[in-house]
file final-v1.txt (compact mmCIF, C-alpha atoms and all ligand atoms)
# COMPACT_ATOMS: atom_id res chain seq x y z
CA MET A 162 114.60 113.63 102.82
CA ASN A 163 115.49 109.96 102.92
CA PRO A 164 116.99 108.34 99.86
CA LEU A 165 114.75 105.79 98.20
CA HIS A 166 115.79 102.69 100.01
CA CYS A 167 114.78 100.92 103.21
CA PRO A 168 117.82 101.19 105.45
CA SER A 169 116.27 99.74 108.57
CA PHE A 170 114.59 96.80 106.85
CA ASN A 171 116.95 93.93 107.43
CA PHE A 172 116.65 90.53 105.84
CA MET A 173 115.62 88.66 108.99
CA GLU A 174 112.79 91.11 109.59
CA THR A 175 111.51 90.86 106.03
CA LEU A 176 111.43 87.05 106.07
CA GLN A 177 108.19 87.14 108.01
CA LYS A 178 106.68 90.13 106.20
CA LEU A 179 103.62 89.72 104.02
CA ALA A 180 102.50 92.30 101.46
CA LEU A 181 99.34 92.47 99.36
CA ILE A 182 99.48 94.57 96.22
CA THR A 183 96.15 95.09 94.44
CA GLY A 184 96.16 95.12 90.63
CA ALA A 185 99.56 93.45 90.60
CA ASN A 186 99.23 91.46 87.37
CA ARG A 187 100.78 94.28 85.33
CA GLY A 188 102.08 97.84 85.40
CA LEU A 189 103.31 99.51 88.56
CA GLY A 190 101.54 96.96 90.77
CA PHE A 191 103.65 94.14 89.36
CA GLU A 192 106.85 96.16 89.67
CA ILE A 193 106.04 97.13 93.28
CA ALA A 194 105.48 93.43 94.04
CA ARG A 195 108.77 92.54 92.35
CA GLN A 196 110.74 95.13 94.33
CA LEU A 197 109.14 94.10 97.63
CA ALA A 198 109.84 90.43 96.85
CA GLN A 199 113.43 91.40 96.09
CA LYS A 200 113.67 92.56 99.71
CA GLY A 201 112.66 89.11 100.94
CA ILE A 202 109.03 90.03 101.57
CA THR A 203 106.37 87.44 100.70
CA VAL A 204 104.09 89.07 98.17
CA LEU A 205 100.44 88.40 97.41
CA LEU A 206 99.62 89.53 93.89
CA GLY A 207 96.01 90.66 93.87
CA ALA A 208 94.35 90.44 90.46
CA ARG A 209 90.79 90.09 89.17
CA ASN A 210 91.87 87.87 86.28
CA GLU A 211 93.08 84.47 87.44
CA GLY A 212 95.15 83.70 84.33
CA ALA A 213 96.91 87.07 84.31
CA GLY A 214 97.48 86.89 88.08
CA ASN A 215 99.00 83.43 87.95
CA ASP A 216 101.21 84.41 84.99
CA ALA A 217 102.52 87.35 87.02
CA VAL A 218 103.20 85.08 90.01
CA THR A 219 105.14 82.70 87.76
CA ARG A 220 107.29 85.58 86.52
CA LEU A 221 108.33 86.22 90.13
CA THR A 222 108.64 82.67 91.41
CA SER A 223 110.77 81.74 88.37
CA GLN A 224 113.24 84.37 89.62
CA GLY A 225 113.31 82.74 93.06
CA TYR A 226 110.92 85.12 94.82
CA THR A 227 108.11 84.08 97.16
CA ALA A 228 104.84 85.13 95.57
CA HIS A 229 101.24 83.94 95.62
CA PHE A 230 98.16 84.80 93.59
CA LEU A 231 95.13 86.27 95.35
CA LEU A 232 91.90 86.58 93.38
CA LEU A 233 90.69 90.10 94.13
CA ASP A 234 88.33 92.29 92.16
CA ILE A 235 88.31 95.45 94.24
CA ASP A 236 84.89 96.47 92.87
CA ASP A 237 83.28 93.22 94.04
CA THR A 238 82.28 93.00 97.71
CA ALA A 239 82.16 89.18 97.67
CA SER A 240 85.60 89.00 96.07
CA ILE A 241 87.02 91.27 98.80
CA ALA A 242 85.43 89.12 101.53
CA ASN A 243 86.79 85.91 99.97
CA ALA A 244 90.28 87.42 99.68
CA VAL A 245 90.26 88.49 103.34
CA ALA A 246 89.12 85.00 104.36
CA GLU A 247 91.92 83.41 102.33
CA VAL A 248 94.64 85.65 103.80
CA THR A 249 93.25 85.09 107.31
CA THR A 250 93.30 81.31 106.90
CA LYS A 251 96.68 81.05 105.19
CA PHE A 252 98.66 83.83 106.89
CA GLY A 253 96.70 85.22 109.86
CA LYS A 254 97.93 88.82 109.39
CA LEU A 255 98.98 91.34 106.78
CA ASP A 256 101.98 93.69 107.14
CA ILE A 257 101.69 95.78 103.99
CA LEU A 258 98.67 96.74 101.88
CA VAL A 259 99.39 98.60 98.64
CA ASN A 260 96.18 99.99 97.16
CA ASN A 261 97.44 100.14 93.59
CA ALA A 262 94.59 98.86 91.39
CA ALA A 263 92.81 101.69 89.64
CA ILE A 264 91.38 102.86 86.36
CA LEU A 265 93.11 105.63 84.44
CA PRO A 266 91.66 107.94 81.78
CA ARG A 267 91.93 106.42 78.30
CA ARG A 268 92.28 108.34 75.08
CA ASP A 269 89.16 106.76 73.67
CA GLY A 270 87.14 109.91 73.13
CA THR A 271 85.37 109.69 76.50
CA VAL A 272 84.68 113.18 77.81
CA HIS A 273 86.37 113.88 81.15
CA SER A 274 86.19 117.69 81.22
CA PRO A 275 84.47 119.27 84.24
CA SER A 276 81.77 120.79 82.04
CA GLY A 277 81.05 117.64 80.07
CA VAL A 278 81.90 114.52 82.04
CA SER A 279 78.91 112.22 82.46
CA GLN A 280 77.55 110.91 85.75
CA ASP A 281 78.37 107.40 84.53
CA VAL A 282 82.05 108.20 84.04
CA LEU A 283 82.21 110.00 87.38
CA ASN A 284 80.56 107.05 89.10
CA THR A 285 82.94 104.57 87.50
CA PHE A 286 86.08 106.46 88.53
CA LEU A 287 84.87 107.31 92.02
CA GLN A 288 83.77 103.72 92.57
CA THR A 289 87.05 102.02 91.63
CA ASN A 290 89.56 104.68 92.61
CA PHE A 291 87.95 105.79 95.85
CA LEU A 292 85.03 103.74 97.21
CA SER A 293 86.66 100.39 96.41
CA GLN A 294 89.98 101.51 97.94
CA VAL A 295 88.13 102.33 101.16
CA ALA A 296 86.26 99.00 101.05
CA VAL A 297 89.46 96.97 100.52
CA THR A 298 91.28 98.85 103.27
CA GLN A 299 88.43 98.52 105.76
CA ALA A 300 88.18 94.79 105.04
CA PHE A 301 91.92 94.13 105.47
CA LEU A 302 92.50 96.58 108.33
CA PRO A 303 91.90 94.03 111.12
CA LEU A 304 94.67 91.88 109.59
CA VAL A 305 96.98 94.89 109.17
CA LYS A 306 96.42 95.79 112.82
CA LEU A 307 97.72 92.33 113.77
CA SER A 308 101.07 93.25 112.22
CA THR A 309 103.69 94.78 114.51
CA ALA A 310 104.27 97.47 111.86
CA GLY A 311 101.34 97.71 109.45
CA ARG A 312 101.83 99.90 106.39
CA ILE A 313 99.11 101.08 104.02
CA VAL A 314 100.16 102.71 100.76
CA ASN A 315 97.58 104.48 98.61
CA MET A 316 98.66 104.97 95.01
CA SER A 317 97.58 108.50 94.23
CA SER A 318 98.74 111.01 91.64
CA SER A 319 99.88 114.62 91.42
CA ILE A 320 96.63 115.07 89.50
CA GLY A 321 94.87 114.39 92.83
CA SER A 322 96.63 117.37 94.38
CA VAL A 323 94.39 120.45 94.37
CA THR A 324 97.47 122.63 94.89
CA ILE A 325 99.45 121.21 91.98
CA THR A 326 96.47 121.02 89.63
CA SER A 327 95.56 124.64 90.32
CA GLU A 328 99.05 125.89 89.44
CA PRO A 329 98.66 127.86 86.18
CA LEU A 330 101.79 126.40 84.63
CA HIS A 331 101.18 122.81 85.66
CA LYS A 332 100.26 120.49 82.81
CA ASN A 333 96.90 119.86 84.45
CA GLY A 334 96.45 123.52 85.35
CA PRO A 335 95.33 125.33 82.22
CA LYS A 336 93.06 122.54 80.97
CA PRO A 337 91.76 120.30 83.73
CA ALA A 338 90.60 117.61 81.34
CA THR A 339 90.37 114.74 83.76
CA LEU A 340 87.86 115.67 86.48
CA ALA A 341 86.77 112.07 87.13
CA TYR A 342 90.29 110.72 87.69
CA ALA A 343 91.52 113.83 89.52
CA ALA A 344 88.55 113.88 91.92
CA SER A 345 88.94 110.16 92.64
CA LYS A 346 92.61 110.61 93.59
CA ALA A 347 91.86 113.76 95.64
CA ALA A 348 89.25 111.75 97.55
CA LEU A 349 91.78 108.95 98.05
CA ASN A 350 94.20 111.51 99.50
CA MET A 351 91.54 112.57 101.99
CA PHE A 352 91.13 108.91 102.96
CA THR A 353 94.89 108.75 103.61
CA VAL A 354 94.85 111.78 105.88
CA THR A 355 91.75 110.85 107.85
CA LEU A 356 92.71 107.19 108.28
CA ALA A 357 96.24 108.13 109.37
CA LYS A 358 94.73 110.42 112.02
CA GLU A 359 92.36 107.71 113.20
CA LEU A 360 95.26 105.24 113.48
CA ALA A 361 97.76 107.72 114.93
CA GLU A 362 98.01 105.87 118.24
CA THR A 363 98.61 102.52 116.56
CA THR A 364 101.68 101.13 114.76
CA VAL A 365 99.90 101.37 111.40
CA LYS A 366 101.14 104.07 109.00
CA VAL A 367 99.09 105.31 106.03
CA ASN A 368 100.55 107.36 103.19
CA SER A 369 99.71 108.50 99.67
CA ILE A 370 102.23 108.10 96.88
CA ASP A 371 102.57 109.78 93.52
CA PRO A 372 104.69 107.54 91.28
CA GLY A 373 105.15 110.32 88.72
CA LEU A 374 104.29 109.82 85.08
CA THR A 375 105.38 106.29 84.31
CA GLN A 376 105.23 104.55 80.98
CA THR A 377 102.78 101.75 81.79
CA GLU A 378 100.07 100.38 79.52
CA ALA A 379 97.68 102.88 81.07
CA ALA A 380 99.74 106.01 80.50
CA PRO A 381 99.31 107.98 77.28
CA PRO A 382 102.15 107.32 74.80
CA ASN A 383 105.45 109.11 75.38
CA VAL A 384 104.43 110.87 78.57
CA GLY A 385 106.26 108.66 81.01
CA ASP A 386 109.06 110.52 82.79
CA ASN A 387 109.96 107.41 84.79
CA SER A 388 110.90 103.88 84.06
CA MET A 389 108.67 101.30 85.72
CA GLU A 390 111.46 100.63 88.20
CA GLN A 391 111.65 104.32 89.20
CA GLY A 392 107.87 104.71 89.33
CA ALA A 393 107.49 101.85 91.81
CA ARG A 394 110.18 103.04 94.22
CA PRO A 395 108.21 105.59 96.30
CA ALA A 396 105.53 103.00 97.04
CA VAL A 397 108.15 100.45 98.05
CA TRP A 398 109.75 103.06 100.27
CA ALA A 399 106.41 103.83 101.97
CA ALA A 400 105.71 100.11 102.37
CA CYS A 401 109.03 99.64 104.18
CA LEU A 402 108.93 102.67 106.50
CA ASP A 403 110.46 102.11 109.90
CA GLU A 404 108.70 103.14 113.10
CA ASP A 405 110.04 106.73 112.91
CA GLY A 406 108.67 107.18 109.40
CA PRO A 407 105.85 109.55 108.50
CA THR A 408 102.13 108.84 108.39
CA GLY A 409 99.36 110.85 106.75
CA SER A 410 101.75 112.25 104.14
CA PHE A 411 101.93 112.46 100.36
CA PHE A 412 105.20 111.63 98.65
CA THR A 413 106.73 111.56 95.25
CA HIS A 414 110.34 111.33 94.12
CA HIS A 415 112.76 113.71 92.54
CA LEU A 416 116.36 112.93 91.66
CA GLN A 417 116.30 109.66 93.62
CA HIS A 418 115.02 111.38 96.79
CA LEU A 419 111.60 111.37 98.39
CA VAL A 420 109.93 114.75 98.40
CA THR A 421 106.62 115.80 99.87
CA ASN A 422 103.77 116.58 97.49
CA PRO A 423 101.32 119.32 98.46
CA TRP A 424 97.75 118.13 98.98
N1 LIG B 501 101.29 105.22 85.15
C1 LIG B 501 101.32 106.47 85.60
O1 LIG B 501 101.90 107.37 84.97
C2 LIG B 501 100.66 106.81 86.92
C3 LIG B 501 100.79 108.14 87.40
C4 LIG B 501 100.21 108.47 88.63
C5 LIG B 501 99.53 107.51 89.36
N2 LIG B 501 99.41 106.23 88.87
C6 LIG B 501 98.68 105.25 89.69
O2 LIG B 501 99.47 104.07 89.85
C7 LIG B 501 98.62 102.93 89.92
C8 LIG B 501 99.02 101.91 88.86
O3 LIG B 501 98.94 102.52 87.59
P1 LIG B 501 99.41 101.77 86.25
O4 LIG B 501 99.90 102.81 85.33
O5 LIG B 501 100.29 100.62 86.61
O6 LIG B 501 98.00 101.23 85.71
P2 LIG B 501 97.67 99.96 84.76
O7 LIG B 501 98.87 99.56 83.99
O8 LIG B 501 96.41 100.31 84.02
O9 LIG B 501 97.32 98.82 85.82
C9 LIG B 501 96.15 98.94 86.57
C10 LIG B 501 95.97 97.66 87.34
O10 LIG B 501 94.78 97.80 88.14
C11 LIG B 501 93.99 96.65 87.91
N3 LIG B 501 92.58 96.90 88.17
C12 LIG B 501 91.77 97.84 87.65
N4 LIG B 501 90.52 97.70 88.16
C13 LIG B 501 90.56 96.64 88.99
C14 LIG B 501 89.60 95.99 89.81
N5 LIG B 501 88.32 96.38 89.85
N6 LIG B 501 90.00 94.95 90.58
C15 LIG B 501 91.27 94.52 90.56
N7 LIG B 501 92.23 95.06 89.78
C16 LIG B 501 91.87 96.12 89.01
C17 LIG B 501 94.26 96.26 86.46
O11 LIG B 501 93.83 94.92 86.24
P3 LIG B 501 93.44 94.36 84.76
O12 LIG B 501 94.72 93.95 84.10
O13 LIG B 501 92.53 93.21 85.07
O14 LIG B 501 92.75 95.48 84.04
C18 LIG B 501 95.77 96.43 86.44
O15 LIG B 501 96.40 95.33 87.03
C19 LIG B 501 97.18 103.44 89.75
O16 LIG B 501 96.62 103.64 91.04
C20 LIG B 501 97.38 104.78 89.05
O17 LIG B 501 96.30 105.67 89.28
C21 LIG B 501 99.96 105.86 87.67
call {"tool": "encode", "arguments": {"input": "final-v1.txt", "output": "structure tokens", "more": "lines below"}}
Ligand SMILES: NC(=O)c1ccc[n+]([C@@H]2O[C@H](COP(=O)([O-])OP(=O)(O)OC[C@H]3O[C@@H](n4cnc5c(N)ncnc54)[C@H](OP(=O)(O)O)[C@@H]3O)[C@@H](O)[C@H]2O)c1
result
Amino acid sequence: MNPLHCPSFNFMETLQKLALITGANRGLGFEIARQLAQKGITVLLGARNEGAGNDAVTRLTSQGYTAHFLLLDIDDTASIANAVAEVTTKFGKLDILVNNAAILPRRDGTVHSPSGVSQDVLNTFLQTNFLSQVAVTQAFLPLVKLSTAGRIVNMSSSIGSVTITSEPLHKNGPKPATLAYAASKAALNMFTVTLAKELAETTVKVNSIDPGLTQTEAAPPNVGDNSMEQGARPAVWAACLDEDGPTGSFFTHHLQHLVTNPW
């Protein structure tokens, strides 16, 4: 499959491109924003914390990139509406939406096992990692449809793959300890597939991405296979797909190449 770069994305094209990355104040979201900005794309760094969001923007603008802060708490309906209004007024369209913001399981003693996870924990994960992703996408979709080549990237995980998780030898196979997170990412994958089908006759492409285990703040210590730079690359690739690129697919990377993940 294609190497992890954007061969057809030339500089003149990217000058007018606008990308919104949710949860971009740290972790993979920030690195995705940085790599997109490096391609000449104007990036909107969505963050729920104004100070952290503006600090992240400064880290990019001080390197000469074009970046703006967008206040966006994906769990807050009013915040989503305000963010859409701001992008509409200032830019009038959106080319790329990266649904990156999410909550990940912490090692804080909270029970996530299928037999013990509480309704509260399930609600929290399904709200942020699924319902809020749908809400953000629905709210920004009219702006994405105004792009000549809209791209929606849903940050999923191999843990959201029923096939991979059910493999006996997979690290999530023998002890499925993270039902809340896994179910939220599986639901997000279903959103990818159904939305891609709904938009099949448009120029908008929708894909799920598995960044692979990446050593961010959220990941458990010493489990990251990828550097931040590597982890962000599949999402950047999906954000920059040309018109012949796939839609309704699930990708990860292996040895610098995109590979398809099973659902
Ligand atoms: N790291 C991995 O190994 C790995 C593996 C597979 C998939 N992923 C996926 O990759 C994405 C990024 O992961 P990461 O490791 O970079 O996570 P992270 O370091 O914990 O960053 C998560 C980001 O999401 C933001 N966020 C959480 N809830 C939010 C809300 N309600 N509104 C707005 N922003 C919110 C956080 O903001 P605050 O700073 O305000 O908390 C933070 O910016 C996630 O979708 C994750 O599921 C990661």
call {"tool": "atom_distance", "arguments": {"input": "final-v1.txt", "atom1": "atom CA of Val297 of chain A", "atom2": "atom CA of Asn387 of chain A"}}
result
27.9 Å
call {"tool": "closest_residue", "arguments": {"input": "final-v1.txt", "among": "A:Val282, A:Met389, A:Val420, A:Val305", "to": "ligand LIG 501 (chain B)", "atoms": "all atoms listed in the file"}}
result
A:Met389
call {"tool": "residues_near_ligand", "arguments": {"input": "final-v1.txt", "ligand": "ligand LIG 501 (chain B)", "cutoff": "6 Å", "atoms": "all atoms listed in the file", "output": "MDAnalysis selection string"}}
result
chainID A and resid 184:190 208:210 233:236 261:265 316:318 371:380
call {"tool": "closest_residue", "arguments": {"input": "final-v1.txt", "among": "A:Gly225, A:Gly270, A:Pro395, A:Gly321", "to": "Leu340 of chain A", "atoms": "only C-alpha atoms"}}
result
A:Gly321
call {"tool": "atom_distance", "arguments": {"input": "final-v1.txt", "atom1": "atom CA of Phe286 of chain A", "atom2": "atom CA of His273 of chain A"}}
result
10.5 Å
call {"tool": "closest_residue", "arguments": {"input": "final-v1.txt", "among": "A:Ala244, A:Leu181, A:Val272, A:Ala343", "to": "Ala198 of chain A", "atoms": "only C-alpha atoms"}}
result
A:Leu181
call {"tool": "atom_distance", "arguments": {"input": "final-v1.txt", "atom1": "atom CA of Lys178 of chain A", "atom2": "atom CA of Val204 of chain A"}}
result
8.5 Å
call {"tool": "residues_around", "arguments": {"input": "final-v1.txt", "residues": "Ala341 of chain A", "least_positions_apart": "6", "cutoff": "12 Å", "atoms": "all atoms listed in the file", "output": "tab-separated table (two decimals) with C-alpha atoms, in the coordinates of the input"}}
result
chain	number	residue	atom	x	y	z
A	264	ILE	CA	91.38	102.86	86.36
A	265	LEU	CA	93.11	105.63	84.44
A	266	PRO	CA	91.66	107.94	81.78
A	267	ARG	CA	91.93	106.42	78.30
A	271	THR	CA	85.37	109.69	76.50
A	272	VAL	CA	84.68	113.18	77.81
A	273	HIS	CA	86.37	113.88	81.15
A	274	SER	CA	86.19	117.69	81.22
A	275	PRO	CA	84.47	119.27	84.24
A	276	SER	CA	81.77	120.79	82.04
A	277	GLY	CA	81.05	117.64	80.07
A	278	VAL	CA	81.90	114.52	82.04
A	279	SER	CA	78.91	112.22	82.46
A	280	GLN	CA	77.55	110.91	85.75
A	281	ASP	CA	78.37	107.40	84.53
A	282	VAL	CA	82.05	108.20	84.04
A	283	LEU	CA	82.21	110.00	87.38
A	284	ASN	CA	80.56	107.05	89.10
A	285	THR	CA	82.94	104.57	87.50
A	286	PHE	CA	86.08	106.46	88.53
A	287	LEU	CA	84.87	107.31	92.02
A	288	GLN	CA	83.77	103.72	92.57
A	289	THR	CA	87.05	102.02	91.63
A	290	ASN	CA	89.56	104.68	92.61
A	291	PHE	CA	87.95	105.79	95.85
A	320	ILE	CA	96.63	115.07	89.50
A	321	GLY	CA	94.87	114.39	92.83
A	347	ALA	CA	91.86	113.76	95.64
A	348	ALA	CA	89.25	111.75	97.55
call {"tool": "residues_near_point", "arguments": {"input": "final-v1.txt", "point": "(95.3, 97.2, 106.8)", "cutoff": "10 Å", "atoms": "only C-alpha atoms", "output": "ChimeraX atom specification"}}
result
/A:181,254-259,297-308,311-314,365-367
call {"tool": "write_last_selection", "arguments": {"input": "final-v1.txt", "atoms": "C-alpha atoms", "output": "mmCIF file, in the frame of the given file"}}
result
data_model
loop_
_atom_site.group_PDB
_atom_site.id
_atom_site.type_symbol
_atom_site.label_atom_id
_atom_site.label_comp_id
_atom_site.auth_asym_id
_atom_site.auth_seq_id
_atom_site.Cartn_x
_atom_site.Cartn_y
_atom_site.Cartn_z
ATOM 1 C CA LEU A 181 99.340 92.470 99.360
ATOM 2 C CA LYS A 254 97.930 88.820 109.390
ATOM 3 C CA LEU A 255 98.980 91.340 106.780
ATOM 4 C CA ASP A 256 101.980 93.690 107.140
ATOM 5 C CA ILE A 257 101.690 95.780 103.990
ATOM 6 C CA LEU A 258 98.670 96.740 101.880
ATOM 7 C CA VAL A 259 99.390 98.600 98.640
ATOM 8 C CA VAL A 297 89.460 96.970 100.520
ATOM 9 C CA THR A 298 91.280 98.850 103.270
ATOM 10 C CA GLN A 299 88.430 98.520 105.760
ATOM 11 C CA ALA A 300 88.180 94.790 105.040
ATOM 12 C CA PHE A 301 91.920 94.130 105.470
ATOM 13 C CA LEU A 302 92.500 96.580 108.330
ATOM 14 C CA PRO A 303 91.900 94.030 111.120
ATOM 15 C CA LEU A 304 94.670 91.880 109.590
ATOM 16 C CA VAL A 305 96.980 94.890 109.170
ATOM 17 C CA LYS A 306 96.420 95.790 112.820
ATOM 18 C CA LEU A 307 97.720 92.330 113.770
ATOM 19 C CA SER A 308 101.070 93.250 112.220
ATOM 20 C CA GLY A 311 101.340 97.710 109.450
ATOM 21 C CA ARG A 312 101.830 99.900 106.390
ATOM 22 C CA ILE A 313 99.110 101.080 104.020
ATOM 23 C CA VAL A 314 100.160 102.710 100.760
ATOM 24 C CA VAL A 365 99.900 101.370 111.400
ATOM 25 C CA LYS A 366 101.140 104.070 109.000
ATOM 26 C CA VAL A 367 99.090 105.310 106.030
#
call {"tool": "closest_residue", "arguments": {"input": "final-v1.txt", "among": "A:Ile202, A:Glu211, A:Leu292, A:His414", "to": "Asp386 of chain A", "atoms": "all atoms listed in the file"}}
result
A:His414
call {"tool": "closest_residue", "arguments": {"input": "final-v1.txt", "among": "A:Gln177, A:Thr238, A:Thr219, A:Thr421", "to": "Thr309 of chain A", "atoms": "all atoms listed in the file"}}
result
A:Gln177
call {"tool": "closest_residue", "arguments": {"input": "final-v1.txt", "among": "A:Ser327, A:Gly409, A:Thr227, A:Leu232", "to": "Asn215 of chain A", "atoms": "all atoms listed in the file"}}
result
A:Leu232
call {"tool": "residues_near_point", "arguments": {"input": "final-v1.txt", "point": "(107.4, 98.4, 93.1)", "cutoff": "9 Å", "atoms": "only C-alpha atoms", "output": "list of chain:residue names"}}
result
A:Leu189, A:Gly190, A:Phe191, A:Glu192, A:Ile193, A:Ala194, A:Arg195, A:Gln196, A:Leu197, A:Met389, A:Glu390, A:Gln391, A:Gly392, A:Ala393, A:Arg394, A:Pro395, A:Ala396, A:Val397, A:Trp398
call {"tool": "write_last_selection", "arguments": {"input": "final-v1.txt", "atoms": "C-alpha atoms", "output": "mmCIF file, keeping the file's coordinate frame"}}
result
data_model
loop_
_atom_site.group_PDB
_atom_site.id
_atom_site.type_symbol
_atom_site.label_atom_id
_atom_site.label_comp_id
_atom_site.auth_asym_id
_atom_site.auth_seq_id
_atom_site.Cartn_x
_atom_site.Cartn_y
_atom_site.Cartn_z
ATOM 1 C CA LEU A 189 103.310 99.510 88.560
ATOM 2 C CA GLY A 190 101.540 96.960 90.770
ATOM 3 C CA PHE A 191 103.650 94.140 89.360
ATOM 4 C CA GLU A 192 106.850 96.160 89.670
ATOM 5 C CA ILE A 193 106.040 97.130 93.280
ATOM 6 C CA ALA A 194 105.480 93.430 94.040
ATOM 7 C CA ARG A 195 108.770 92.540 92.350
ATOM 8 C CA GLN A 196 110.740 95.130 94.330
ATOM 9 C CA LEU A 197 109.140 94.100 97.630
ATOM 10 C CA MET A 389 108.670 101.300 85.720
ATOM 11 C CA GLU A 390 111.460 100.630 88.200
ATOM 12 C CA GLN A 391 111.650 104.320 89.200
ATOM 13 C CA GLY A 392 107.870 104.710 89.330
ATOM 14 C CA ALA A 393 107.490 101.850 91.810
ATOM 15 C CA ARG A 394 110.180 103.040 94.220
ATOM 16 C CA PRO A 395 108.210 105.590 96.300
ATOM 17 C CA ALA A 396 105.530 103.000 97.040
ATOM 18 C CA VAL A 397 108.150 100.450 98.050
ATOM 19 C CA TRP A 398 109.750 103.060 100.270
#
